[in-house]
Structure formats: structure tokens, C-alpha cells
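Below is data_9.tsv, holding TSV, C-alpha atoms.
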chain	number	residue	atom	x	y	z
A	86	MET	CA	-107.77	-122.26	256.39
A	87	SER	CA	-107.87	-125.87	257.44
A	88	ALA	CA	-109.05	-128.49	254.98
A	89	VAL	CA	-112.65	-129.51	255.62
A	90	ASN	CA	-113.27	-133.24	255.74
A	91	PRO	CA	-115.30	-133.83	252.54
A	92	LEU	CA	-117.42	-136.45	254.32
A	93	LYS	CA	-118.64	-133.72	256.69
A	94	ARG	CA	-119.61	-131.28	253.98
A	95	VAL	CA	-123.38	-130.89	253.61
A	96	SER	CA	-123.24	-131.61	249.89
A	97	TRP	CA	-120.89	-132.28	247.00
A	98	SER	CA	-120.74	-130.96	243.47
A	99	PRO	CA	-123.29	-132.83	241.31
A	100	TYR	CA	-120.47	-133.64	238.87
A	101	ALA	CA	-118.47	-135.32	241.67
A	102	ALA	CA	-121.52	-137.27	242.88
A	103	GLY	CA	-122.34	-138.32	239.31
A	104	ALA	CA	-118.77	-139.38	238.51
A	105	LEU	CA	-118.63	-141.45	241.70
A	106	ILE	CA	-121.92	-143.17	240.79
A	107	GLY	CA	-120.40	-143.89	237.37
A	108	VAL	CA	-117.35	-145.48	238.98
A	109	LEU	CA	-119.66	-147.40	241.33
A	110	SER	CA	-121.38	-148.88	238.27
A	111	TRP	CA	-117.99	-150.25	237.12
A	112	PHE	CA	-117.67	-151.84	240.55
A	113	ALA	CA	-121.16	-153.39	240.32
A	114	PHE	CA	-120.45	-154.85	236.86
A	115	LEU	CA	-117.05	-156.17	237.94
A	116	THR	CA	-117.94	-157.65	241.32
A	117	ALA	CA	-121.60	-158.68	240.90
A	118	GLY	CA	-121.99	-158.89	237.12
A	119	ARG	CA	-125.03	-156.66	237.56
A	120	PRO	CA	-125.86	-153.01	236.86
A	121	LEU	CA	-127.22	-150.75	239.62
A	122	GLY	CA	-131.01	-151.01	240.00
A	123	ILE	CA	-133.61	-150.45	242.68
A	124	SER	CA	-137.21	-151.13	241.75
A	125	SER	CA	-137.20	-154.93	241.33
A	126	ALA	CA	-136.22	-155.26	245.01
A	127	PHE	CA	-139.75	-154.07	245.83
A	128	VAL	CA	-141.17	-157.01	243.89
A	129	ARG	CA	-138.90	-159.26	245.98
A	130	LEU	CA	-140.29	-157.71	249.16
A	131	VAL	CA	-143.83	-158.40	247.87
A	132	ALA	CA	-142.87	-161.99	246.96
A	133	TRP	CA	-141.60	-162.52	250.51
A	134	ILE	CA	-144.64	-160.97	252.28
A	135	GLU	CA	-147.16	-162.77	250.05
A	136	GLY	CA	-145.13	-165.96	250.47
A	137	LEU	CA	-145.79	-165.78	254.22
A	138	LEU	CA	-149.49	-164.98	253.81
A	139	ALA	CA	-150.46	-166.96	250.72
A	140	PRO	CA	-147.67	-169.29	249.51
A	141	GLU	CA	-149.97	-171.08	247.02
A	142	HIS	CA	-150.76	-167.72	245.37
A	143	VAL	CA	-147.05	-166.95	244.96
A	144	ALA	CA	-146.46	-170.43	243.53
A	145	ALA	CA	-149.21	-169.76	240.97
A	146	THR	CA	-147.76	-166.35	239.98
A	147	PRO	CA	-144.63	-166.90	237.84
A	148	TYR	CA	-143.57	-163.23	238.16
A	149	LEU	CA	-143.18	-163.75	241.94
A	150	ALA	CA	-142.30	-167.47	242.02
A	151	LYS	CA	-139.27	-167.01	239.73
A	152	LEU	CA	-137.54	-164.70	242.26
A	153	LYS	CA	-135.18	-167.12	243.94
A	154	PRO	CA	-133.40	-166.37	246.16
A	155	VAL	CA	-135.82	-163.68	247.35
A	156	PHE	CA	-133.13	-161.80	249.29
A	157	ASP	CA	-130.48	-161.31	246.64
A	158	TRP	CA	-127.67	-158.82	245.94
A	159	GLU	CA	-130.09	-156.13	244.76
A	160	PHE	CA	-132.35	-156.49	247.81
A	161	PHE	CA	-129.38	-155.78	250.08
A	162	LEU	CA	-128.24	-153.01	247.75
A	163	VAL	CA	-131.52	-151.21	248.52
A	164	ILE	CA	-131.00	-151.63	252.27
A	165	GLY	CA	-127.48	-150.28	251.77
A	166	VAL	CA	-128.84	-147.18	249.98
A	167	ALA	CA	-130.92	-146.30	253.06
A	168	LEU	CA	-127.94	-146.82	255.39
A	169	GLY	CA	-125.53	-144.88	253.17
A	170	ALA	CA	-127.90	-141.92	252.90
A	171	LEU	CA	-128.39	-141.97	256.68
A	172	MET	CA	-124.62	-141.92	257.27
A	173	ALA	CA	-124.07	-139.18	254.65
A	174	SER	CA	-126.78	-136.94	256.13
A	175	ARG	CA	-125.60	-137.33	259.74
A	176	LEU	CA	-121.93	-136.72	258.81
A	177	GLY	CA	-123.07	-133.55	257.06
A	178	GLY	CA	-125.09	-132.50	260.12
A	179	VAL	CA	-128.39	-132.76	258.27
A	180	ARG	CA	-131.51	-134.07	260.01
A	181	SER	CA	-135.02	-133.69	258.66
A	182	ALA	CA	-137.71	-132.90	261.23
A	183	GLU	CA	-140.41	-132.15	258.69
A	184	ARG	CA	-143.76	-133.72	259.65
A	185	PRO	CA	-145.80	-134.41	256.53
A	186	THR	CA	-149.36	-133.09	256.38
A	187	GLY	CA	-152.25	-135.43	255.56
A	188	LYS	CA	-152.27	-134.04	252.02
A	189	ARG	CA	-148.56	-134.74	251.61
A	190	ILE	CA	-148.98	-138.29	252.95
A	191	ALA	CA	-151.76	-138.98	250.43
A	192	GLU	CA	-149.61	-137.49	247.64
A	193	ALA	CA	-146.62	-139.63	248.66
A	194	VAL	CA	-148.58	-142.90	248.89
A	195	LEU	CA	-150.34	-142.36	245.56
A	196	GLY	CA	-147.19	-141.02	243.90
A	197	GLY	CA	-145.22	-144.02	245.15
A	198	PHE	CA	-147.95	-146.40	243.99
A	199	PHE	CA	-147.99	-145.10	240.40
A	200	LEU	CA	-144.20	-144.66	240.39
A	201	MET	CA	-143.78	-148.39	240.95
A	202	ILE	CA	-146.55	-149.35	238.49
A	203	GLY	CA	-144.76	-147.25	235.85
A	204	ALA	CA	-141.34	-148.64	236.76
A	205	ARG	CA	-142.51	-152.25	236.50
A	206	ILE	CA	-144.34	-151.68	233.18
A	207	ALA	CA	-141.15	-150.06	231.85
A	208	ASN	CA	-139.07	-152.89	233.39
A	209	GLY	CA	-136.84	-150.56	235.41
A	210	CYS	CA	-136.60	-147.21	237.18
A	211	THR	CA	-134.29	-144.18	237.09
A	212	SER	CA	-131.42	-146.41	238.24
A	213	GLY	CA	-131.97	-149.59	236.22
A	214	ASN	CA	-133.17	-147.92	233.01
A	215	GLY	CA	-132.23	-144.24	233.37
A	216	ILE	CA	-128.63	-144.61	234.53
A	217	SER	CA	-127.62	-148.27	234.02
A	218	GLY	CA	-129.51	-148.66	230.73
A	219	SER	CA	-128.42	-145.31	229.31
A	220	LEU	CA	-124.75	-145.83	230.24
A	221	GLN	CA	-124.80	-149.07	228.25
A	222	LEU	CA	-126.35	-147.03	225.41
A	223	ALA	CA	-129.41	-149.31	225.56
A	224	LEU	CA	-132.31	-148.12	223.38
A	225	SER	CA	-134.66	-149.07	226.27
A	226	GLY	CA	-132.72	-146.85	228.69
A	227	TRP	CA	-132.72	-143.77	226.48
A	228	VAL	CA	-136.43	-144.09	225.60
A	229	PHE	CA	-137.14	-144.26	229.34
A	230	PHE	CA	-134.83	-141.34	230.23
A	231	LEU	CA	-136.22	-138.97	227.59
A	232	THR	CA	-139.88	-139.90	228.21
A	233	ILE	CA	-139.78	-139.47	232.01
A	234	PHE	CA	-138.00	-136.16	231.55
A	235	ALA	CA	-140.52	-134.80	229.04
A	236	SER	CA	-143.61	-136.07	230.90
A	237	GLY	CA	-142.18	-134.93	234.24
A	238	VAL	CA	-141.47	-131.40	232.96
A	239	ALA	CA	-144.99	-131.14	231.54
A	240	THR	CA	-146.52	-132.35	234.82
A	241	ALA	CA	-144.41	-130.03	236.99
A	242	MET	CA	-145.15	-126.99	234.82
A	243	LEU	CA	-148.89	-127.69	235.06
A	244	PHE	CA	-149.23	-128.76	238.72
A	245	LYS	CA	-146.14	-127.95	240.79
A	246	LYS	CA	-145.41	-124.26	240.40
A	247	GLU	CA	-145.60	-123.63	244.15
A	248	VAL	CA	-142.44	-125.55	245.12
A	249	ARG	CA	-139.79	-122.95	245.94
B	102	MET	CA	-133.98	-167.69	250.28
B	103	PHE	CA	-130.67	-165.76	250.56
B	104	ASP	CA	-127.78	-165.12	248.21
B	105	PRO	CA	-124.45	-166.35	249.63
B	106	LEU	CA	-123.09	-164.09	252.40
B	107	PRO	CA	-120.20	-162.53	250.41
B	108	ARG	CA	-122.68	-161.48	247.72
B	109	ILE	CA	-125.04	-160.03	250.32
B	110	LEU	CA	-122.19	-158.01	251.84
B	111	LEU	CA	-121.17	-156.84	248.37
B	112	GLY	CA	-124.75	-155.69	247.74
B	113	LEU	CA	-124.82	-153.84	251.05
B	114	LEU	CA	-121.50	-152.11	250.34
B	115	THR	CA	-122.50	-151.13	246.79
B	116	GLY	CA	-125.84	-149.81	248.05
B	117	PHE	CA	-124.22	-147.96	250.96
B	118	LEU	CA	-121.95	-146.06	248.55
B	119	PHE	CA	-124.85	-145.43	246.14
B	120	GLY	CA	-126.99	-143.98	248.95
B	121	PHE	CA	-124.05	-141.94	250.25
B	122	PHE	CA	-123.42	-140.39	246.82
B	123	LEU	CA	-127.14	-139.71	246.19
B	124	GLN	CA	-127.45	-137.90	249.53
B	125	LYS	CA	-124.27	-135.84	249.04
B	126	GLY	CA	-125.49	-135.04	245.52
B	127	ARG	CA	-128.67	-133.56	247.14
B	128	VAL	CA	-131.11	-135.71	245.16
B	129	SER	CA	-132.65	-137.18	248.33
B	130	ASP	CA	-134.21	-133.69	248.69
B	131	ARG	CA	-137.52	-133.62	246.88
B	132	ARG	CA	-137.29	-129.87	246.20
B	133	VAL	CA	-134.15	-130.53	244.12
B	134	ILE	CA	-136.02	-133.16	242.09
B	135	VAL	CA	-139.17	-131.08	241.55
B	136	ASN	CA	-137.05	-128.02	240.66
B	137	GLN	CA	-135.31	-130.13	238.00
B	138	PHE	CA	-138.67	-130.81	236.38
B	139	LEU	CA	-139.47	-127.08	236.65
B	140	LEU	CA	-136.13	-126.47	234.87
B	141	ARG	CA	-134.95	-124.28	237.77
B	142	ASP	CA	-132.17	-126.54	239.09
B	143	PHE	CA	-130.26	-128.97	236.88
B	144	THR	CA	-128.65	-131.02	239.68
B	145	VAL	CA	-130.47	-134.23	238.68
B	146	MET	CA	-129.43	-133.89	235.03
B	147	LYS	CA	-125.82	-133.09	235.96
B	148	ILE	CA	-125.59	-136.19	238.17
B	149	MET	CA	-127.28	-138.50	235.67
B	150	MET	CA	-125.29	-137.29	232.63
B	151	THR	CA	-121.98	-137.48	234.50
B	152	ALA	CA	-122.81	-140.97	235.79
B	153	ILE	CA	-123.79	-142.09	232.29
B	154	LEU	CA	-120.59	-140.72	230.71
B	155	VAL	CA	-118.13	-141.92	233.36
B	156	GLY	CA	-119.97	-145.19	233.94
B	157	GLY	CA	-120.53	-145.88	230.25
B	158	ALA	CA	-116.95	-145.16	229.15
B	159	GLY	CA	-115.63	-147.52	231.84
B	160	VAL	CA	-118.18	-150.28	231.31
B	161	TYR	CA	-117.64	-150.27	227.53
B	162	ALA	CA	-113.85	-150.30	228.03
B	163	MET	CA	-114.13	-153.26	230.43
B	164	HIS	CA	-116.50	-154.96	228.00
B	165	SER	CA	-113.99	-154.56	225.15
B	166	ALA	CA	-111.30	-156.05	227.38
B	167	GLY	CA	-113.58	-159.03	228.02
B	168	TRP	CA	-113.83	-158.36	231.76
B	169	VAL	CA	-117.59	-157.80	231.97
B	170	GLN	CA	-120.73	-158.65	230.05
B	171	LEU	CA	-123.31	-155.99	229.25
B	172	SER	CA	-126.78	-156.37	230.77
B	173	VAL	CA	-129.10	-154.63	228.30
B	174	LYS	CA	-132.85	-154.61	228.92
B	175	PRO	CA	-135.00	-155.50	225.88
B	176	ALA	CA	-136.48	-152.62	223.88
B	177	HIS	CA	-140.19	-153.30	224.42
B	178	LEU	CA	-140.84	-149.81	223.15
B	179	LEU	CA	-144.61	-149.59	223.79
B	180	ALA	CA	-144.32	-150.85	227.38
B	181	ILE	CA	-141.32	-148.63	228.14
B	182	PHE	CA	-143.00	-145.58	226.65
B	183	LEU	CA	-146.28	-146.11	228.55
B	184	GLY	CA	-144.50	-147.04	231.79
B	185	SER	CA	-142.34	-143.91	231.53
B	186	LEU	CA	-145.44	-141.76	230.91
B	187	ILE	CA	-146.77	-142.99	234.28
B	188	PHE	CA	-143.36	-142.84	236.01
B	189	GLY	CA	-142.45	-139.22	235.10
B	190	PRO	CA	-145.61	-137.58	236.52
B	191	ALA	CA	-145.58	-139.92	239.56
B	192	MET	CA	-141.97	-138.88	240.26
B	193	VAL	CA	-143.07	-135.22	240.27
B	194	PHE	CA	-145.87	-135.85	242.80
B	195	LEU	CA	-143.85	-138.16	245.05
B	196	GLY	CA	-140.79	-135.93	244.64
B	197	TYR	CA	-138.47	-138.92	244.52
B	198	CYS	CA	-137.62	-141.81	242.21
B	199	PRO	CA	-137.31	-145.29	243.76
B	200	GLY	CA	-133.60	-144.96	244.64
B	201	THR	CA	-133.84	-141.44	246.01
B	202	ALA	CA	-137.02	-142.38	247.94
B	203	VAL	CA	-135.08	-145.15	249.69
B	204	ALA	CA	-132.24	-142.70	250.40
B	205	ALA	CA	-134.63	-140.04	251.76
B	206	ALA	CA	-136.41	-142.66	253.89
B	207	GLY	CA	-133.05	-143.80	255.25
B	208	GLU	CA	-132.12	-140.31	256.40
B	209	GLY	CA	-135.46	-140.05	258.20
B	210	LYS	CA	-137.74	-138.12	255.86
B	211	ARG	CA	-141.22	-139.26	256.82
B	212	ASP	CA	-142.92	-138.44	253.54
B	213	ALA	CA	-140.52	-140.87	251.87
B	214	TRP	CA	-141.59	-143.62	254.31
B	215	TRP	CA	-145.15	-143.17	253.01
B	216	GLY	CA	-143.75	-143.21	249.50
B	217	LEU	CA	-142.13	-146.59	250.15
B	218	LEU	CA	-145.48	-147.93	251.36
B	219	GLY	CA	-147.13	-146.76	248.13
B	220	MET	CA	-144.29	-148.26	246.08
B	221	THR	CA	-144.67	-151.64	247.79
B	222	LEU	CA	-148.44	-151.60	247.16
B	223	GLY	CA	-147.74	-150.69	243.53
B	224	ALA	CA	-145.36	-153.64	243.18
B	225	ALA	CA	-148.00	-155.97	244.70
B	226	VAL	CA	-150.72	-154.80	242.29
B	227	TYR	CA	-148.38	-154.93	239.30
B	228	SER	CA	-147.37	-158.51	240.09
B	229	GLU	CA	-150.99	-159.57	239.45
B	230	PHE	CA	-150.91	-158.06	235.96
B	231	ASP	CA	-147.39	-158.86	234.73
B	232	ALA	CA	-148.49	-161.68	232.44
B	233	ALA	CA	-151.24	-159.53	230.88
B	234	CYS	CA	-148.79	-156.63	230.54
B	235	THR	CA	-146.31	-158.84	228.69
B	236	ARG	CA	-149.00	-160.01	226.27
B	237	ALA	CA	-150.60	-156.61	225.67
B	238	LEU	CA	-147.66	-154.18	225.89
B	239	ARG	CA	-144.36	-156.05	225.44
B	240	ALA	CA	-145.19	-158.45	222.62
B	241	PRO	CA	-146.35	-155.80	220.06
B	242	ILE	CA	-143.00	-153.93	219.74
B	243	ASP	CA	-139.98	-155.95	220.81
B	244	LEU	CA	-136.68	-154.92	219.25
B	245	GLY	CA	-134.70	-157.16	221.63
B	246	GLN	CA	-131.66	-156.23	223.76
B	247	VAL	CA	-130.55	-153.59	221.31
B	248	THR	CA	-128.10	-150.74	221.91
B	249	LEU	CA	-127.76	-147.45	220.02
B	250	PRO	CA	-124.41	-148.53	218.44
B	251	GLN	CA	-126.04	-151.74	217.15
B	252	LEU	CA	-129.09	-149.87	215.88
B	253	THR	CA	-127.21	-147.09	214.09
B	254	GLY	CA	-123.78	-148.55	213.29
B	255	VAL	CA	-122.21	-145.53	215.03
B	256	PRO	CA	-119.59	-146.86	217.50
B	257	ALA	CA	-120.02	-146.44	221.27
B	258	ALA	CA	-116.99	-144.13	221.52
B	259	ALA	CA	-118.62	-141.69	219.08
B	260	TRP	CA	-121.86	-141.72	221.10
B	261	PHE	CA	-119.98	-140.96	224.31
B	262	ALA	CA	-117.93	-138.21	222.63
B	263	ALA	CA	-121.09	-136.57	221.29
B	264	LEU	CA	-122.89	-136.87	224.64
B	265	ALA	CA	-119.86	-135.48	226.48
B	266	LEU	CA	-119.62	-132.50	224.13
B	267	PHE	CA	-123.34	-131.79	224.51
B	268	ALA	CA	-123.17	-132.09	228.32
B	269	LEU	CA	-120.05	-129.91	228.55
B	270	LEU	CA	-121.48	-127.09	226.43
B	271	PHE	CA	-124.96	-127.23	227.95
B	272	PHE	CA	-123.84	-127.36	231.60
B	273	ARG	CA	-121.15	-124.71	231.07
B	274	TRP	CA	-123.77	-122.42	229.58
B	275	LEU	CA	-126.12	-123.13	232.52
B	276	ASP	CA	-123.42	-122.59	235.16
B	277	ARG	CA	-122.25	-119.33	233.56
B	278	ARG	CA	-125.81	-118.06	233.34
B	279	ALA	CA	-126.29	-118.90	237.04
B	280	GLU	CA	-123.16	-116.93	237.97
B	281	SER	CA	-124.16	-113.77	236.14
Show me, as C-alpha cells, the structure contained in the file I just sent.
Amino acid sequence: MSAVNPLKRVSWSPYAAGALIGVLSWFAFLTAGRPLGISSAFVRLVAWIEGLLAPEHVAATPYLAKLKPVFDWEFFLVIGVALGALMASRLGGVRSAERPTGKRIAEAVLGGFFLMIGARIANGCTSGNGISGSLQLALSGWVFFLTIFASGVATAMLFKKEVR
Amino acid sequence: MFDPLPRILLGLLTGFLFGFFLQKGRVSDRRVIVNQFLLRDFTVMKIMMTAILVGGAGVYAMHSAGWVQLSVKPAHLLAIFLGSLIFGPAMVFLGYCPGTAVAAAGEGKRDAWWGLLGMTLGAAVYSEFDAACTRALRAPIDLGQVTLPQLTGVPAAAWFAALALFALLFFRWLDRRAES
């Protein structure tokens, strides 16, 4: 049996993927002085768009005005995530052709909306709080991790039984 | 407006690897995420716990050696608790968290594109209320940038050993049950 190129396998063991993400967090701390995080890049995108449309409003909103430079390490990290996932899926021969229904589109827009509201109130998402916070043994990270897990399980049990 | 070019390239590289690992770990598939919350598939937990243990052991070791500084978010417990109570259910309905939504969108899943639109709108609305949120939700309970070792006096190594033991026993039990 010939060795299969691991990059072409459809998926990896979750332990391997997790360990590699752990090692990647060492790399982020060492080279950028920053932990892995995603959600604040969306605030940067908003600061940029609103800066084009209404610069005086951005100047009057400290939460947006303080984001300088707008396009920082984390913003490009998020672009990299999309590119990396694209490369991984194509190498594995995976291509999604699923066309979302109107109901699914509404669910995704509303879910995304509240996901980001929750992430910003909690000051971080599954990456910034859940992984990066918890791996530093931050109290904030563990409160986030345990609460999203418990509230997510309760929600899924009540509303999402139909998913395979 | 832009970070210096080397830092931008570093961000792109770090993100590329992150997205690659998320996709190969199958968490850019919303069924895997929803099935985690239904307790039918523990892929998400296995990835997160392994990343926390491997990442944490290395980051604490590098911190002890004086190579890196920790970057701990403040424990605004009320805000984090309420934000998480919104985030968990929203993650079930969207089927992705922010990072896995970006990964799924990158590999061409159209529902994730709509999710990114919703996330951007959410960030826009939140930015109008950040100051009020800080006054109402962050100020009441602020324990500062505190870690579990600082809070309890139990050293980091003991926390990681206990978490590793728990993860090992729990996942071994799960994997054996799945085999039989």
C-alpha cells in the first residue's frame, strides 16, 4: 500500500488538528505577540466601511476610531483562514454544491447577527476566548467556554433534533 | 491604515494554517458542530481540548522562559456570561462559530456567506452600543486579567495535568464506546 499524501486526505484526526492548532498558537505568540482570534476583525471591517460612508460618525465612536491601523495582523489572519480552508478542501477533493433554502439563509443571517453580538459583549469568540483564553487558563476564557457549551447543548436539544 | 507588510504576511500565513487545520478537522461542516451540541459527535470538543492542552503547555513554558507575554482578557464576568448565553444558541442556529464560518465561506459554502453578512451587521450594531455595554455589563463585575492559577493558587502545570487526565479518560471512554 502506498502512503497517502496527508494533505490529500479528506480529513484528519481531531486530535491531530487540535494539536496543530495548539502549536500554531505558540507561533502566533512568538511571532506576533498575539493569541489567535477572529471576531474583532469584523469590527475592523465595519470601521473601514463606515469610515468610507460616514467618517465623522467613526471619529465620534471611540470603539471604531481606536482601531488603527484598520487592516492589522488579525484582519489578514481572517482572510488567511478562508484561503487555508479553501486549499484544504480542494486538496481533499471536497466541494460543496449545497444551495441554501430561503429558510436556511434567514437562519444563517440571524444566527450570524446574534453570534457577533454575543461575541462582542463577551469580548471574544470561540477562538479568542474559547481556545486562546482557555489555553492561558484565563478565568474569562473558561467562563465563556463552559457557558457556550451549556447554552448550546440546551438549544440544540430543544430545537435542532432533525440534523442527522 | 495597514500594518507593516511583514506583519500582514505573518497574519496571512497564520490564518492560512488555522483555516487549513479547521477544515481538515471537519469543523467547517455545520453538521459536525450541531452534532457536538446534540452530544452525538465530540469532534469539536476533541479539537478544542487538544488545542488548549498543547497550546497552553507551550505558551506557559515560553512565558516562564521569558520569551512571550500572556494576553489575558479581563474577567468581566457578567458581560462574558450574558454574551456567551447569546453566542451558544446563535452558534447552534448558524452552525458555525466566527472562525469556522470564515473557513466554511472560504471553501464555498453559501450558507456561511450569509452568516458572514449577519456577523458584519451584528458587529455594526454592537459598535453603537459598546460604551453602554461597558457601563452596564462590564463595570459591575470586573475581576481584571485574572487566570485560574492566580485565582486559586494552584500552579498552571497542575491545571494542565488535571485537564489532560480528564480529557484522556473522557475521550478514551467515548472512543471505546463508539467502537463497540
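Remark: for Glu135 (chain A), the closest of the candidate residues B:Val226, B:Ala206, B:Leu139, B:Leu195 is B:Val226 (distances computed over all atoms listed in the file).
Of note, CA of Gly209 (chain B) and CA of Asn208 (chain A) are spaced 28.2 Å apart.
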Got a sec: who's within 12 Å of Leu244 (chain B), counting only C-alpha atoms, leaving out chain neighbours fewer than 6 positions off, as a list in words? Ala223, Leu224 and Ser225 of chain A; Val173, Lys174, Pro175, Ala176, His177, Leu178, Leu179, Ala180, Ile181, Gln251 and Leu252 of chain B
For the point (-129.9, -132.8, 237.5) in the file's frame, write as a list in words all residues with an atom no more than 9 Å away, counting only C-alpha atoms. Pro99 of chain A; Val128, Val133, Ile134, Gln137, Asp142, Phe143, Thr144, Val145, Met146, Lys147, Ile148, Met149 and Met150 of chain B
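Between CA of Gly156 (chain B) and CA of Arg127 (chain B) the interatomic distance comes to 19.6 Å.
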Interatomic distance, CA of Ser129 (chain B) to CA of Ala205 (chain B) (Å, one decimal): 4.9 Å
May I have the protein, DNA and RNA residues with any atom at most 10 Å from the point (-142.4, -146.5, 232.7), counting all atoms listed in the file, written as a tab-separated table (two decimals) with C-alpha atoms, in the coordinates of the input?
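Just written: part.tsv:
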chain	number	residue	atom	x	y	z
A	199	PHE	CA	-147.99	-145.10	240.40
A	200	LEU	CA	-144.20	-144.66	240.39
A	201	MET	CA	-143.78	-148.39	240.95
A	202	ILE	CA	-146.55	-149.35	238.49
A	203	GLY	CA	-144.76	-147.25	235.85
A	204	ALA	CA	-141.34	-148.64	236.76
A	205	ARG	CA	-142.51	-152.25	236.50
A	206	ILE	CA	-144.34	-151.68	233.18
A	207	ALA	CA	-141.15	-150.06	231.85
A	208	ASN	CA	-139.07	-152.89	233.39
A	209	GLY	CA	-136.84	-150.56	235.41
A	210	CYS	CA	-136.60	-147.21	237.18
A	211	THR	CA	-134.29	-144.18	237.09
A	214	ASN	CA	-133.17	-147.92	233.01
A	228	VAL	CA	-136.43	-144.09	225.60
A	229	PHE	CA	-137.14	-144.26	229.34
A	230	PHE	CA	-134.83	-141.34	230.23
A	232	THR	CA	-139.88	-139.90	228.21
A	233	ILE	CA	-139.78	-139.47	232.01
B	179	LEU	CA	-144.61	-149.59	223.79
B	180	ALA	CA	-144.32	-150.85	227.38
B	181	ILE	CA	-141.32	-148.63	228.14
B	182	PHE	CA	-143.00	-145.58	226.65
B	183	LEU	CA	-146.28	-146.11	228.55
B	184	GLY	CA	-144.50	-147.04	231.79
B	185	SER	CA	-142.34	-143.91	231.53
B	186	LEU	CA	-145.44	-141.76	230.91
B	187	ILE	CA	-146.77	-142.99	234.28
B	188	PHE	CA	-143.36	-142.84	236.01
B	189	GLY	CA	-142.45	-139.22	235.10
With only C-alpha atoms as the counted atoms, please give the residues lying no more than 7 Å from region 105-107 of chain A, apart from itself and same-chain residues fewer than 5 positions off, as a PyMOL selection string. chain B and resi 119+122+152-153+155-156
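The shell of residues at most 12 Å from Ala259 (chain B), with all atoms listed in the file counted and near chain neighbours (fewer than 6 positions) removed, consists of Leu222 of chain A; Leu154, Ala158, Leu249, Pro250, Thr253, Ala265 and Leu266 of chain B.
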Env of Ser125 (chain A): 10 Å cut, atoms = only C-alpha atoms, seq-sep filter 2 positions within chain, self excluded. Answer as a PyMOL selection string. (chain A and resi 122-123+127-131+152+159-160+163+201+204-205+208-210+213) or (chain B and resi 199+224)
Could you turn the residues from that selection into a file that holds C-alpha atoms, as a PDB file, in the coordinates of the input?
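Writing done, so here's result.pdb:
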ATOM      1  CA  GLY A 122    -131.010-151.010 240.000  1.00  0.00           C
ATOM      2  CA  ILE A 123    -133.610-150.450 242.680  1.00  0.00           C
ATOM      3  CA  PHE A 127    -139.750-154.070 245.830  1.00  0.00           C
ATOM      4  CA  VAL A 128    -141.170-157.010 243.890  1.00  0.00           C
ATOM      5  CA  ARG A 129    -138.900-159.260 245.980  1.00  0.00           C
ATOM      6  CA  LEU A 130    -140.290-157.710 249.160  1.00  0.00           C
ATOM      7  CA  VAL A 131    -143.830-158.400 247.870  1.00  0.00           C
ATOM      8  CA  LEU A 152    -137.540-164.700 242.260  1.00  0.00           C
ATOM      9  CA  GLU A 159    -130.090-156.130 244.760  1.00  0.00           C
ATOM     10  CA  PHE A 160    -132.350-156.490 247.810  1.00  0.00           C
ATOM     11  CA  VAL A 163    -131.520-151.210 248.520  1.00  0.00           C
ATOM     12  CA  MET A 201    -143.780-148.390 240.950  1.00  0.00           C
ATOM     13  CA  ALA A 204    -141.340-148.640 236.760  1.00  0.00           C
ATOM     14  CA  ARG A 205    -142.510-152.250 236.500  1.00  0.00           C
ATOM     15  CA  ASN A 208    -139.070-152.890 233.390  1.00  0.00           C
ATOM     16  CA  GLY A 209    -136.840-150.560 235.410  1.00  0.00           C
ATOM     17  CA  CYS A 210    -136.600-147.210 237.180  1.00  0.00           C
ATOM     18  CA  GLY A 213    -131.970-149.590 236.220  1.00  0.00           C
TER      19      GLY A 213
ATOM     20  CA  PRO B 199    -137.310-145.290 243.760  1.00  0.00           C
ATOM     21  CA  ALA B 224    -145.360-153.640 243.180  1.00  0.00           C
TER      22      ALA B 224
END
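Comparing B:Ala232, B:Ala202, B:Leu111, B:Phe121 by their smallest distance to Leu218 (chain B), the closest is B:Ala202 (using all atoms listed in the file).
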